[in-house]
>>> print(open('coords.tsv').read())   # TSV, C-alpha atoms and all ligand atoms
chain	number	residue	atom	x	y	z
N	4	MET	CA	-94.46	-65.64	63.57
N	5	THR	CA	-98.06	-65.70	64.82
N	6	SER	CA	-99.88	-62.39	64.87
N	7	ALA	CA	-100.39	-62.76	68.65
N	8	LEU	CA	-96.65	-63.11	69.12
N	9	SER	CA	-95.84	-60.17	66.88
N	10	THR	CA	-98.42	-58.05	68.75
N	11	ARG	CA	-96.80	-59.02	72.05
N	12	ILE	CA	-93.32	-58.17	70.76
N	13	ALA	CA	-94.55	-54.84	69.41
N	14	ALA	CA	-96.14	-54.01	72.78
N	15	THR	CA	-93.07	-54.86	74.88
N	16	PRO	CA	-90.59	-52.05	75.59
N	17	VAL	CA	-87.25	-52.53	73.82
N	18	SER	CA	-85.39	-52.46	77.14
N	19	GLU	CA	-87.43	-55.44	78.35
N	20	LEU	CA	-86.84	-57.35	75.12
N	21	LEU	CA	-83.14	-56.76	75.46
N	22	ALA	CA	-83.09	-57.80	79.11
N	23	SER	CA	-84.84	-61.08	78.35
N	24	ALA	CA	-82.59	-61.67	75.33
N	25	ARG	CA	-79.59	-61.26	77.62
N	26	ASP	CA	-81.00	-63.61	80.23
N	27	ALA	CA	-82.10	-66.27	77.74
N	28	GLY	CA	-78.94	-66.01	75.62
N	29	SER	CA	-81.02	-66.18	72.48
N	30	ILE	CA	-83.61	-64.24	70.51
N	31	ASP	CA	-86.24	-65.10	67.94
N	32	ARG	CA	-86.66	-63.44	64.56
N	33	GLY	CA	-89.33	-60.95	65.66
N	34	VAL	CA	-87.31	-59.71	68.62
N	35	ALA	CA	-84.18	-59.47	66.47
N	36	GLY	CA	-85.95	-57.19	64.02
N	37	ARG	CA	-87.22	-54.94	66.77
N	38	LEU	CA	-83.86	-54.74	68.58
N	39	ALA	CA	-81.96	-54.15	65.35
N	40	SER	CA	-84.06	-51.14	64.46
N	41	GLU	CA	-84.87	-49.67	67.87
N	42	ALA	CA	-82.36	-50.62	70.57
N	43	PRO	CA	-79.70	-48.01	71.37
N	44	LEU	CA	-76.29	-49.17	70.13
N	45	SER	CA	-74.72	-48.82	73.58
N	46	ASP	CA	-77.34	-51.17	75.08
N	47	LEU	CA	-76.81	-53.72	72.31
N	48	LEU	CA	-73.07	-53.64	72.86
N	49	ALA	CA	-73.48	-54.13	76.60
N	50	ALA	CA	-75.80	-57.12	76.05
N	51	SER	CA	-73.59	-58.76	73.45
N	52	SER	CA	-70.50	-58.25	75.61
N	53	GLU	CA	-72.29	-59.89	78.50
N	54	LEU	CA	-73.20	-62.90	76.37
N	55	ARG	CA	-69.62	-63.23	75.14
N	56	ALA	CA	-68.35	-63.12	78.74
N	57	ARG	CA	-70.80	-65.87	79.66
N	58	GLY	CA	-69.79	-68.16	76.81
N	59	LYS	CA	-66.17	-67.28	76.16
N	60	GLY	CA	-64.82	-65.60	79.29
N	61	THR	CA	-62.07	-63.16	78.38
N	62	VAL	CA	-60.30	-65.21	75.71
N	63	VAL	CA	-60.04	-63.73	72.24
N	64	SER	CA	-58.44	-65.99	69.65
N	65	PHE	CA	-56.70	-65.76	66.31
N	66	SER	CA	-55.01	-68.19	63.96
N	67	LYS	CA	-51.51	-67.69	62.63
N	68	LYS	CA	-51.86	-68.77	59.04
N	69	VAL	CA	-50.45	-68.52	55.59
N	70	PHE	CA	-52.84	-67.59	52.79
N	71	ALA	CA	-52.51	-69.59	49.59
N	72	PRO	CA	-54.42	-68.04	46.69
N	73	LEU	CA	-54.62	-71.33	44.82
N	74	THR	CA	-56.21	-69.74	41.78
N	75	THR	CA	-57.47	-66.26	41.04
N	76	LEU	CA	-59.56	-67.54	38.13
N	77	CYS	CA	-63.26	-67.67	38.95
N	78	ARG	CA	-66.40	-68.26	36.97
N	79	ASP	CA	-68.32	-65.69	39.04
N	80	TYR	CA	-68.27	-61.92	38.68
N	81	CYS	CA	-69.27	-60.50	42.07
N	82	SER	CA	-69.30	-56.72	41.75
N	83	TYR	CA	-67.32	-56.17	44.96
N	84	CYS	CA	-64.52	-58.62	44.18
N	85	THR	CA	-60.96	-57.56	43.53
N	86	PHE	CA	-59.55	-61.09	43.81
N	87	ARG	CA	-60.91	-62.75	40.69
N	88	LYS	CA	-59.21	-62.52	37.31
N	89	ASP	CA	-59.91	-63.68	33.80
N	90	PRO	CA	-57.14	-65.59	32.00
N	91	GLY	CA	-54.63	-63.14	30.55
N	92	GLN	CA	-55.33	-60.39	33.09
N	93	PRO	CA	-52.44	-59.34	35.33
N	94	GLY	CA	-52.57	-61.53	38.44
N	95	ALA	CA	-54.41	-64.41	36.75
N	96	HIS	CA	-52.76	-67.49	38.16
N	97	PHE	CA	-53.00	-71.10	39.22
N	98	MET	CA	-50.43	-71.98	41.87
N	99	THR	CA	-48.38	-75.04	40.99
N	100	PRO	CA	-47.76	-77.71	43.65
N	101	GLU	CA	-44.19	-76.42	43.96
N	102	GLU	CA	-45.45	-72.89	44.66
N	103	VAL	CA	-47.96	-74.17	47.19
N	104	LEU	CA	-45.31	-76.14	49.02
N	105	ALA	CA	-42.79	-73.29	49.00
N	106	LEU	CA	-45.38	-70.91	50.47
N	107	ALA	CA	-46.45	-73.42	53.10
N	108	GLU	CA	-42.81	-73.97	54.10
N	109	GLN	CA	-42.34	-70.23	54.41
N	110	GLY	CA	-45.43	-70.14	56.67
N	111	ARG	CA	-44.17	-73.02	58.78
N	112	ALA	CA	-40.82	-71.29	59.22
N	113	ALA	CA	-42.67	-68.18	60.44
N	114	GLY	CA	-44.62	-70.21	63.02
N	115	CYS	CA	-47.91	-70.61	61.14
N	116	LYS	CA	-50.09	-73.61	62.00
N	117	GLU	CA	-52.66	-73.22	59.23
N	118	VAL	CA	-52.75	-72.84	55.49
N	119	LEU	CA	-55.87	-71.18	54.14
N	120	PHE	CA	-56.64	-71.99	50.54
N	121	SER	CA	-58.64	-69.13	49.05
N	122	LEU	CA	-59.62	-69.45	45.44
N	123	GLY	CA	-62.12	-68.66	42.76
N	124	ASP	CA	-65.13	-70.83	42.18
N	125	GLN	CA	-65.10	-73.55	39.48
N	126	PRO	CA	-63.05	-71.67	36.86
N	127	GLU	CA	-62.81	-74.83	34.74
N	128	ARG	CA	-66.50	-74.46	33.94
N	129	ILE	CA	-65.85	-71.46	31.69
N	130	PHE	CA	-62.11	-71.14	31.06
N	131	PRO	CA	-60.21	-73.63	28.82
N	132	GLU	CA	-56.97	-72.36	30.43
N	133	ALA	CA	-58.17	-73.64	33.81
N	134	ARG	CA	-59.20	-77.00	32.34
N	135	GLU	CA	-55.80	-77.37	30.66
N	136	PHE	CA	-53.89	-76.53	33.86
N	137	LEU	CA	-55.88	-79.10	35.78
N	138	GLN	CA	-55.79	-81.80	33.08
N	139	ARG	CA	-52.02	-81.52	32.75
N	140	ARG	CA	-51.83	-82.52	36.42
N	141	GLY	CA	-54.51	-85.19	36.24
N	142	PHE	CA	-57.45	-83.31	37.69
N	143	ALA	CA	-60.91	-82.64	36.29
N	144	ARG	CA	-62.04	-80.05	38.83
N	145	THR	CA	-60.47	-77.30	40.89
N	146	LEU	CA	-62.12	-78.94	43.89
N	147	ASP	CA	-60.00	-82.09	43.28
N	148	TYR	CA	-56.89	-79.96	42.96
N	149	VAL	CA	-57.47	-78.10	46.22
N	150	ALA	CA	-57.97	-81.46	47.96
N	151	ALA	CA	-54.70	-82.77	46.50
N	152	MET	CA	-52.86	-79.61	47.53
N	153	SER	CA	-54.32	-79.91	51.04
N	154	GLU	CA	-53.01	-83.47	51.25
N	155	LEU	CA	-49.60	-82.36	50.00
N	156	VAL	CA	-49.32	-79.55	52.54
N	157	LEU	CA	-50.53	-81.65	55.45
N	158	ASP	CA	-48.16	-84.52	54.67
N	159	GLN	CA	-45.11	-82.42	53.81
N	160	THR	CA	-45.35	-79.57	56.31
N	161	GLY	CA	-47.85	-80.55	59.02
N	162	LEU	CA	-49.66	-77.23	58.54
N	163	LEU	CA	-53.39	-77.77	58.95
N	164	PRO	CA	-55.32	-76.99	55.76
N	165	HIS	CA	-58.53	-74.99	55.75
N	166	ALA	CA	-60.01	-74.86	52.25
N	167	ASN	CA	-62.34	-72.12	51.13
N	168	PRO	CA	-63.00	-73.14	47.52
N	169	GLY	CA	-66.57	-71.92	47.03
N	170	VAL	CA	-69.58	-74.17	46.60
N	171	MET	CA	-68.73	-77.81	47.36
N	172	ASP	CA	-70.68	-80.96	46.61
N	173	ARG	CA	-70.65	-84.04	48.79
N	174	PRO	CA	-67.83	-85.93	46.99
N	175	ALA	CA	-65.62	-82.84	47.25
N	176	LEU	CA	-66.38	-82.45	50.94
N	177	GLU	CA	-65.74	-86.14	51.57
N	178	ARG	CA	-62.29	-85.87	50.03
N	179	LEU	CA	-61.45	-82.57	51.74
N	180	ARG	CA	-62.38	-84.15	55.04
N	181	GLN	CA	-59.34	-86.42	54.78
N	182	SER	CA	-56.87	-83.54	54.87
N	183	ASN	CA	-58.64	-80.43	56.18
N	184	ALA	CA	-59.06	-79.51	59.83
N	185	SER	CA	-62.10	-77.43	58.84
N	186	VAL	CA	-63.55	-75.94	55.69
N	187	GLY	CA	-65.29	-72.68	54.95
N	188	LEU	CA	-67.82	-71.00	52.75
N	189	MET	CA	-69.22	-67.57	53.45
N	190	LEU	CA	-72.98	-67.71	53.14
N	191	GLU	CA	-72.69	-63.94	52.54
N	192	THR	CA	-76.44	-63.45	52.26
N	193	VAL	CA	-79.68	-65.33	51.79
N	194	SER	CA	-80.99	-62.52	49.60
N	195	VAL	CA	-81.91	-63.87	46.16
N	196	ARG	CA	-82.81	-60.28	45.32
N	197	LEU	CA	-79.10	-59.43	45.06
N	198	MET	CA	-78.90	-61.68	41.98
N	199	ARG	CA	-81.07	-59.33	39.95
N	200	ASP	CA	-79.60	-57.34	37.07
N	201	GLY	CA	-77.38	-54.52	38.24
N	202	LEU	CA	-76.95	-55.98	41.74
N	203	PRO	CA	-73.73	-57.56	43.07
N	204	HIS	CA	-74.57	-61.21	42.45
N	205	ALA	CA	-76.22	-60.81	39.03
N	206	LYS	CA	-73.31	-62.57	37.33
N	207	ALA	CA	-72.39	-64.97	40.12
N	208	PRO	CA	-74.07	-68.36	39.68
N	209	ASP	CA	-72.33	-69.74	42.76
N	210	LYS	CA	-73.91	-67.09	44.97
N	211	VAL	CA	-77.37	-68.65	44.75
N	212	PRO	CA	-78.15	-68.81	48.48
N	213	ALA	CA	-79.75	-72.27	48.27
N	214	LEU	CA	-76.54	-73.71	46.77
N	215	ARG	CA	-74.45	-72.27	49.57
N	216	LEU	CA	-76.83	-73.46	52.23
N	217	ARG	CA	-76.71	-76.92	50.67
N	218	THR	CA	-72.91	-76.94	50.97
N	219	ILE	CA	-73.16	-75.94	54.62
N	220	GLU	CA	-75.76	-78.64	55.20
N	221	GLU	CA	-73.71	-81.38	53.50
N	222	ALA	CA	-70.72	-80.44	55.65
N	223	GLY	CA	-72.98	-80.74	58.67
N	224	LYS	CA	-74.05	-84.23	57.65
N	225	LEU	CA	-70.36	-85.16	57.36
N	226	SER	CA	-69.48	-83.60	60.75
N	227	MET	CA	-66.98	-81.14	59.32
N	228	ALA	CA	-66.15	-78.09	61.41
N	229	PHE	CA	-67.39	-75.24	59.28
N	230	THR	CA	-66.61	-71.56	58.99
N	231	THR	CA	-69.23	-69.30	57.46
N	232	GLY	CA	-70.55	-65.80	57.81
N	233	ILE	CA	-72.20	-62.81	56.25
N	234	LEU	CA	-70.93	-60.00	54.08
N	235	ILE	CA	-72.52	-56.67	54.94
N	236	GLY	CA	-72.88	-53.46	52.97
N	237	ILE	CA	-73.34	-54.94	49.48
N	238	GLY	CA	-76.90	-53.70	49.09
N	239	GLU	CA	-78.71	-56.05	51.45
N	240	THR	CA	-81.27	-54.72	53.91
N	241	PHE	CA	-80.78	-55.15	57.65
N	242	GLU	CA	-83.74	-57.55	57.62
N	243	GLU	CA	-81.90	-59.66	55.04
N	244	ARG	CA	-78.83	-59.69	57.28
N	245	LEU	CA	-80.98	-61.02	60.08
N	246	ASP	CA	-82.45	-63.70	57.80
N	247	SER	CA	-78.91	-64.76	56.87
N	248	LEU	CA	-77.86	-65.03	60.51
N	249	PHE	CA	-80.97	-67.04	61.34
N	250	ALA	CA	-80.28	-69.38	58.41
N	251	ILE	CA	-76.79	-70.03	59.82
N	252	ARG	CA	-78.21	-70.57	63.28
N	253	ALA	CA	-80.73	-73.07	61.92
N	254	MET	CA	-77.93	-75.07	60.28
N	255	HIS	CA	-75.97	-75.12	63.52
N	256	GLU	CA	-79.01	-76.16	65.53
N	257	LYS	CA	-79.47	-79.10	63.17
N	258	TYR	CA	-75.87	-80.32	62.82
N	259	GLY	CA	-73.79	-78.55	65.52
N	260	HIS	CA	-70.93	-78.01	63.08
N	261	ILE	CA	-70.62	-74.24	62.65
N	262	GLN	CA	-67.37	-73.44	64.40
N	263	GLU	CA	-67.36	-69.72	63.71
N	264	VAL	CA	-69.43	-66.99	62.13
N	265	ILE	CA	-67.66	-64.10	60.44
N	266	VAL	CA	-69.22	-60.70	59.93
N	267	GLN	CA	-67.27	-59.13	57.10
N	268	ASN	CA	-67.77	-55.55	56.01
N	269	PHE	CA	-67.64	-54.48	52.37
N	270	ARG	CA	-64.76	-52.16	51.56
N	271	ALA	CA	-64.75	-50.16	48.35
N	272	LYS	CA	-61.75	-50.53	46.08
N	273	PRO	CA	-60.92	-48.47	43.03
N	274	ASP	CA	-60.83	-51.33	40.53
N	275	ILE	CA	-64.23	-52.94	41.18
N	276	PRO	CA	-67.69	-52.26	39.73
N	277	MET	CA	-68.83	-51.17	43.22
N	278	ALA	CA	-65.96	-48.67	43.60
N	279	HIS	CA	-68.40	-45.90	44.52
N	280	HIS	CA	-70.79	-47.94	46.61
N	281	PRO	CA	-70.94	-46.61	50.20
N	282	GLU	CA	-69.16	-48.68	52.83
N	283	PRO	CA	-70.94	-49.70	56.03
N	284	SER	CA	-70.01	-47.43	58.91
N	285	LEU	CA	-68.30	-48.65	62.04
N	286	ASP	CA	-71.56	-48.19	63.96
N	287	ASP	CA	-73.35	-50.34	61.40
N	288	MET	CA	-70.70	-53.01	61.83
N	289	LEU	CA	-70.94	-52.84	65.62
N	290	ARG	CA	-74.74	-53.05	65.54
N	291	THR	CA	-74.63	-56.04	63.20
N	292	LEU	CA	-72.04	-57.86	65.31
N	293	ALA	CA	-73.96	-57.23	68.52
N	294	ILE	CA	-77.19	-58.53	66.99
N	295	ALA	CA	-75.28	-61.52	65.60
N	296	ARG	CA	-74.07	-62.36	69.11
N	297	LEU	CA	-77.64	-62.13	70.43
N	298	ILE	CA	-78.92	-64.38	67.64
N	299	LEU	CA	-76.12	-66.93	67.78
N	300	GLY	CA	-75.81	-67.05	71.54
N	301	PRO	CA	-72.95	-67.01	74.05
N	302	HIS	CA	-71.13	-70.11	72.78
N	303	MET	CA	-70.74	-69.36	69.08
N	304	ASN	CA	-67.36	-68.08	67.96
N	305	LEU	CA	-67.96	-64.67	66.42
N	306	GLN	CA	-65.26	-63.13	64.29
N	307	ALA	CA	-64.62	-59.80	62.63
N	308	PRO	CA	-61.50	-59.24	60.53
N	309	PRO	CA	-59.43	-56.48	62.13
N	310	ASN	CA	-57.78	-55.34	58.92
N	311	LEU	CA	-61.11	-54.22	57.42
N	312	SER	CA	-61.74	-51.71	60.18
N	313	TYR	CA	-58.24	-50.21	60.07
N	314	ALA	CA	-57.35	-48.07	63.10
N	315	ASP	CA	-60.79	-48.59	64.65
N	316	PHE	CA	-60.40	-52.36	64.86
N	317	PRO	CA	-60.10	-52.63	68.67
N	318	ARG	CA	-63.63	-51.22	68.97
N	319	LEU	CA	-64.96	-54.42	67.39
N	320	LEU	CA	-64.32	-56.06	70.77
N	321	GLU	CA	-67.15	-53.95	72.19
N	322	ALA	CA	-69.65	-55.85	70.04
N	323	GLY	CA	-69.19	-59.35	71.46
N	324	ILE	CA	-66.64	-60.85	69.09
N	325	ASN	CA	-64.19	-63.43	70.45
N	326	ASP	CA	-62.00	-64.06	67.43
N	327	TRP	CA	-59.87	-62.01	65.06
N	328	GLY	CA	-59.59	-64.66	62.37
N	329	GLY	CA	-56.46	-65.47	60.46
N	330	ILE	CA	-53.44	-63.25	60.85
N	331	SER	CA	-50.62	-63.82	58.45
N	332	PRO	CA	-47.03	-63.05	59.21
N	333	VAL	CA	-46.14	-64.09	55.64
N	334	THR	CA	-48.71	-63.19	53.01
N	335	LYS	CA	-51.08	-60.31	52.41
N	336	ASP	CA	-54.87	-60.57	52.45
N	337	PHE	CA	-55.49	-61.47	48.84
N	338	ILE	CA	-59.20	-60.74	49.15
N	339	ASN	CA	-58.58	-57.21	50.47
N	340	PRO	CA	-55.01	-56.56	49.39
N	341	GLU	CA	-55.12	-52.89	50.32
N	342	ALA	CA	-55.90	-53.69	53.96
N	343	ALA	CA	-52.80	-54.56	55.97
N	344	TRP	CA	-53.19	-56.74	59.03
N	345	PRO	CA	-52.21	-55.28	62.35
N	346	GLN	CA	-49.02	-56.91	63.51
N	347	ILE	CA	-49.61	-59.70	65.99
N	348	THR	CA	-47.84	-57.68	68.69
N	349	ARG	CA	-50.23	-54.77	68.13
N	350	LEU	CA	-53.21	-57.12	68.04
N	351	ARG	CA	-52.07	-58.54	71.36
N	352	SER	CA	-51.52	-55.20	73.05
N	353	GLU	CA	-54.82	-53.70	71.80
N	354	THR	CA	-56.68	-56.83	72.89
N	355	GLU	CA	-55.03	-57.22	76.26
N	356	VAL	CA	-55.25	-53.56	77.24
N	357	ARG	CA	-59.02	-54.04	77.08
N	358	GLY	CA	-58.91	-56.84	79.61
N	359	PHE	CA	-58.85	-59.83	77.26
N	360	THR	CA	-56.34	-62.60	76.76
N	361	LEU	CA	-55.20	-63.22	73.19
N	362	ARG	CA	-54.69	-66.89	72.37
N	363	GLU	CA	-53.56	-68.56	69.22
N	364	ARG	CA	-55.93	-71.26	68.03
N	365	LEU	CA	-55.70	-73.80	65.25
N	366	ALA	CA	-57.78	-74.10	62.10
N	367	ILE	CA	-60.22	-76.07	64.22
N	368	TYR	CA	-61.58	-74.46	67.37
N	369	PRO	CA	-60.68	-76.10	70.71
N	370	GLU	CA	-64.22	-77.25	71.49
N	371	PHE	CA	-64.39	-79.34	68.31
N	372	ILE	CA	-61.15	-81.24	68.86
N	373	PRO	CA	-62.45	-83.69	71.49
N	374	ARG	CA	-65.45	-84.56	69.30
N	375	ASP	CA	-64.45	-87.83	67.63
N	376	ALA	CA	-66.56	-87.38	64.52
N	377	PHE	CA	-64.98	-84.06	63.60
N	378	LEU	CA	-61.49	-85.02	62.45
N	379	SER	CA	-60.20	-87.74	60.15
N	380	PRO	CA	-57.53	-89.91	61.82
N	381	ASN	CA	-54.75	-88.39	59.72
N	382	VAL	CA	-55.73	-84.80	60.50
N	383	ARG	CA	-56.27	-85.65	64.15
N	384	ALA	CA	-52.70	-86.92	64.44
N	385	HIS	CA	-51.42	-83.59	63.12
N	386	VAL	CA	-53.80	-81.58	65.32
N	387	LYS	CA	-52.49	-83.44	68.39
N	388	ARG	CA	-48.98	-82.30	67.59
N	389	SER	CA	-50.01	-78.65	67.32
N	390	ALA	CA	-52.51	-78.33	70.20
N	391	ASP	CA	-52.00	-78.02	73.93
N	392	ALA	CA	-54.24	-79.73	76.47
N	393	SER	CA	-56.84	-76.96	76.18
N	394	GLY	CA	-57.02	-77.27	72.39
N	395	TYR	CA	-55.24	-73.99	71.61
N	396	ALA	CA	-52.02	-73.81	69.62
N	397	ILE	CA	-48.88	-74.90	71.41
E	401	LIG	S1	-66.11	-63.10	45.60
E	401	LIG	FE1	-65.46	-65.21	45.24
E	401	LIG	S2	-67.04	-66.05	43.91
E	401	LIG	FE2	-67.24	-63.81	43.79
E	401	LIG	S3	-65.98	-63.24	42.02
E	401	LIG	FE3	-64.68	-63.10	43.83
E	401	LIG	S4	-63.63	-65.04	43.93
E	401	LIG	FE4	-65.37	-65.31	42.59
>>> encode(input="coords.tsv", output="structure tokens", more="lines below")
Ligand code: SF4
Amino acid sequence: MTSALSTRIAATPVSELLASARDAGSIDRGVAGRLASEAPLSDLLAASSELRARGKGTVVSFSKKVFAPLTTLCRDYCSYCTFRKDPGQPGAHFMTPEEVLALAEQGRAAGCKEVLFSLGDQPERIFPEAREFLQRRGFARTLDYVAAMSELVLDQTGLLPHANPGVMDRPALERLRQSNASVGLMLETVSVRLMRDGLPHAKAPDKVPALRLRTIEEAGKLSMAFTTGILIGIGETFEERLDSLFAIRAMHEKYGHIQEVIVQNFRAKPDIPMAHHPEPSLDDMLRTLAIARLILGPHMNLQAPPNLSYADFPRLLEAGINDWGGISPVTKDFINPEAAWPQITRLRSETEVRGFTLRERLAIYPEFIPRDAFLSPNVRAHVKRSADASGYAI
């Protein structure tokens, strides 16, 4: 930012900055910093709600999905993670193809349209047990296995896969493209500082921000609808949150492939190294979501998981979100197993009593479906069977 611009921003009253942000539907980095630290929360919420109304009307979406924890083994040791396991620990597991198919069938029977593969990152790089499991089935990498399981599920059940396997290189993305309606990787943060000793990513080689941004960029080059987002409350500063959101925006401006941005709040759990780390407050979450809406604009799909805000979850609607993410009628949230999802009926009543319409979407958002480049022919055929004319789930 030029010094003349920063002087102008510093001299402009916050209320004026917010009014022009609302009118323009976008803000630059300097304005974001000023609004984040000085704007009253109620004004931010009003502005973000207005932008959502402009871009999304009153529709709030969710996806009925089954969660498949393909493997809990992971080569990273993020200090906030309760999902990952070392071989031999209770819960350490690689799902077999039979288990994957049985779970997907259960999801299909319960009306799910999506299977979300969540898994640890590249466990074969450090664990012989992971290499042996994969080799026995003819795979060298977990990334090949998740692609094969996506193909199996799509062909056998018609559920649309969405893989979230960590950092992906181009060959992995190219193969996943053949069976996945969209893929995901949380950017989490652009803060390299959090990789220092004693901080949450010190022992997590796949959390190098540049690697994650490269994955997002490669997916953009391949026109793959992409889910990403930030994780808040793990020791990052608010300025670092803003930098992360601007990095996501820059990717979307270049490739137009970011289908949704998730703001996920850290929750402490007894069995993690960060068990006593303070959790972000609801106000912090609301402020971050509202700023995210102002940065990302009226048309971006902005999601916050309802189960991580417990009874307060309906208040997240005040901050400009338009999506609740995946709700599972079958499986628990393996990433936050202590946090139960609200039942879909409760989600609907809490959403609709606030003047919104809850709609079920697919693993790919409606606006991406008509874009030819964004679905392989095989996946498109399955999407057609599950979507209505507006692109939402039948
Ligand atoms: S958050 Fe993801 S990458 Fe980090 S330890 Fe857990 S499973 Fe592995």
>>> residues_near_ligand(input="coords.tsv", ligand="ligand LIG 401 (chain E)", cutoff="9 Å", atoms="all atoms listed in the file", output="ChimeraX atom specification")
/N:75-88,121-126,168-170,204,206-210,338
>>> write_last_selection(input="coords.tsv", atoms="C-alpha atoms", output="compact mmCIF listing (two decimals), in the frame of the given file")
# COMPACT_ATOMS: atom_id res chain seq x y z
CA THR N 75 -57.47 -66.26 41.04
CA LEU N 76 -59.56 -67.54 38.13
CA CYS N 77 -63.26 -67.67 38.95
CA ARG N 78 -66.40 -68.26 36.97
CA ASP N 79 -68.32 -65.69 39.04
CA TYR N 80 -68.27 -61.92 38.68
CA CYS N 81 -69.27 -60.50 42.07
CA SER N 82 -69.30 -56.72 41.75
CA TYR N 83 -67.32 -56.17 44.96
CA CYS N 84 -64.52 -58.62 44.18
CA THR N 85 -60.96 -57.56 43.53
CA PHE N 86 -59.55 -61.09 43.81
CA ARG N 87 -60.91 -62.75 40.69
CA LYS N 88 -59.21 -62.52 37.31
CA SER N 121 -58.64 -69.13 49.05
CA LEU N 122 -59.62 -69.45 45.44
CA GLY N 123 -62.12 -68.66 42.76
CA ASP N 124 -65.13 -70.83 42.18
CA GLN N 125 -65.10 -73.55 39.48
CA PRO N 126 -63.05 -71.67 36.86
CA PRO N 168 -63.00 -73.14 47.52
CA GLY N 169 -66.57 -71.92 47.03
CA VAL N 170 -69.58 -74.17 46.60
CA HIS N 204 -74.57 -61.21 42.45
CA LYS N 206 -73.31 -62.57 37.33
CA ALA N 207 -72.39 -64.97 40.12
CA PRO N 208 -74.07 -68.36 39.68
CA ASP N 209 -72.33 -69.74 42.76
CA LYS N 210 -73.91 -67.09 44.97
CA ILE N 338 -59.20 -60.74 49.15
>>> atom_distance(input="coords.tsv", atom1="CA of Phe120 (chain N)", atom2="CA of Leu361 (chain N)")
24.3 Å
>>> residues_around(input="coords.tsv", residues="region 225-238 of chain N", least_positions_apart="3", cutoff="6 Å", atoms="all atoms listed in the file", output="PyMOL selection string")
chain N and resi 185-192+222+260-269+283+377
>>> closest_residue(input="coords.tsv", among="N:Gly394, N:Pro203, N:Gly358, N:Pro273", to="Ile372 (chain N)", atoms="all atoms listed in the file")
N:Gly394
>>> closest_residue(input="coords.tsv", among="N:Val382, N:Leu20, N:Val195, N:Ile330", to="Asp158 (chain N)", atoms="all atoms listed in the file")
N:Val382
>>> closest_residue(input="coords.tsv", among="N:Arg57, N:Lys272, N:Arg290, N:Arg349", to="Ser40 (chain N)", atoms="all atoms listed in the file")
N:Arg290
>>> atom_distance(input="coords.tsv", atom1="CA of Ala49 (chain N)", atom2="CA of Leu21 (chain N)")
10.1 Å
>>> closest_residue(input="coords.tsv", among="N:Arg199, N:Gly259, N:Leu47, N:His96", to="Ala24 (chain N)", atoms="all atoms listed in the file")
N:Leu47
>>> atom_distance(input="coords.tsv", atom1="CA of Leu289 (chain N)", atom2="CA of Ile219 (chain N)")
25.7 Å
>>> residues_near_point(input="coords.tsv", point="(-65.0, -86.2, 48.4)", cutoff="12 Å", atoms="all atoms listed in the file", output="VMD selection string")
chain N and resid 144 146 to 151 171 to 183 221 to 222 225
>>> write_last_selection(input="coords.tsv", atoms="C-alpha atoms", output="CSV table (one decimal), keeping the file's coordinate frame")
chain,number,residue,atom,x,y,z
N,144,ARG,CA,-62.0,-80.0,38.8
N,146,LEU,CA,-62.1,-78.9,43.9
N,147,ASP,CA,-60.0,-82.1,43.3
N,148,TYR,CA,-56.9,-80.0,43.0
N,149,VAL,CA,-57.5,-78.1,46.2
N,150,ALA,CA,-58.0,-81.5,48.0
N,151,ALA,CA,-54.7,-82.8,46.5
N,171,MET,CA,-68.7,-77.8,47.4
N,172,ASP,CA,-70.7,-81.0,46.6
N,173,ARG,CA,-70.6,-84.0,48.8
N,174,PRO,CA,-67.8,-85.9,47.0
N,175,ALA,CA,-65.6,-82.8,47.2
N,176,LEU,CA,-66.4,-82.4,50.9
N,177,GLU,CA,-65.7,-86.1,51.6
N,178,ARG,CA,-62.3,-85.9,50.0
N,179,LEU,CA,-61.4,-82.6,51.7
N,180,ARG,CA,-62.4,-84.2,55.0
N,181,GLN,CA,-59.3,-86.4,54.8
N,182,SER,CA,-56.9,-83.5,54.9
N,183,ASN,CA,-58.6,-80.4,56.2
N,221,GLU,CA,-73.7,-81.4,53.5
N,222,ALA,CA,-70.7,-80.4,55.6
N,225,LEU,CA,-70.4,-85.2,57.4
>>> residues_around(input="coords.tsv", residues="Ala27 (chain N)", least_positions_apart="3", cutoff="10 Å", atoms="all atoms listed in the file", output="ChimeraX atom specification")
/N:21-24,30,54,297,300-301
>>> decode(input="coords.tsv", residues="region 302-307 of chain N", atoms="N, CA and C atoms", output="tab-separated table (two decimals), in the first residue's frame")
chain	number	residue	atom	x	y	z
N	302	HIS	N	-20.72	-12.47	-3.65
N	302	HIS	CA	-21.01	-13.71	-4.39
N	302	HIS	C	-20.31	-14.95	-3.85
N	303	MET	N	-19.31	-14.77	-3.03
N	303	MET	CA	-18.60	-15.95	-2.50
N	303	MET	C	-19.52	-16.71	-1.52
N	304	ASN	N	-19.42	-18.02	-1.54
N	304	ASN	CA	-20.13	-18.82	-0.55
N	304	ASN	C	-19.29	-18.85	0.72
N	305	LEU	N	-19.88	-18.40	1.79
N	305	LEU	CA	-19.16	-18.29	3.07
N	305	LEU	C	-19.83	-19.23	4.07
N	306	GLN	N	-19.00	-20.08	4.64
N	306	GLN	CA	-19.54	-21.16	5.49
N	306	GLN	C	-18.93	-21.10	6.89
N	307	ALA	N	-19.75	-21.42	7.86
N	307	ALA	CA	-19.25	-21.66	9.22
N	307	ALA	C	-19.92	-22.94	9.72
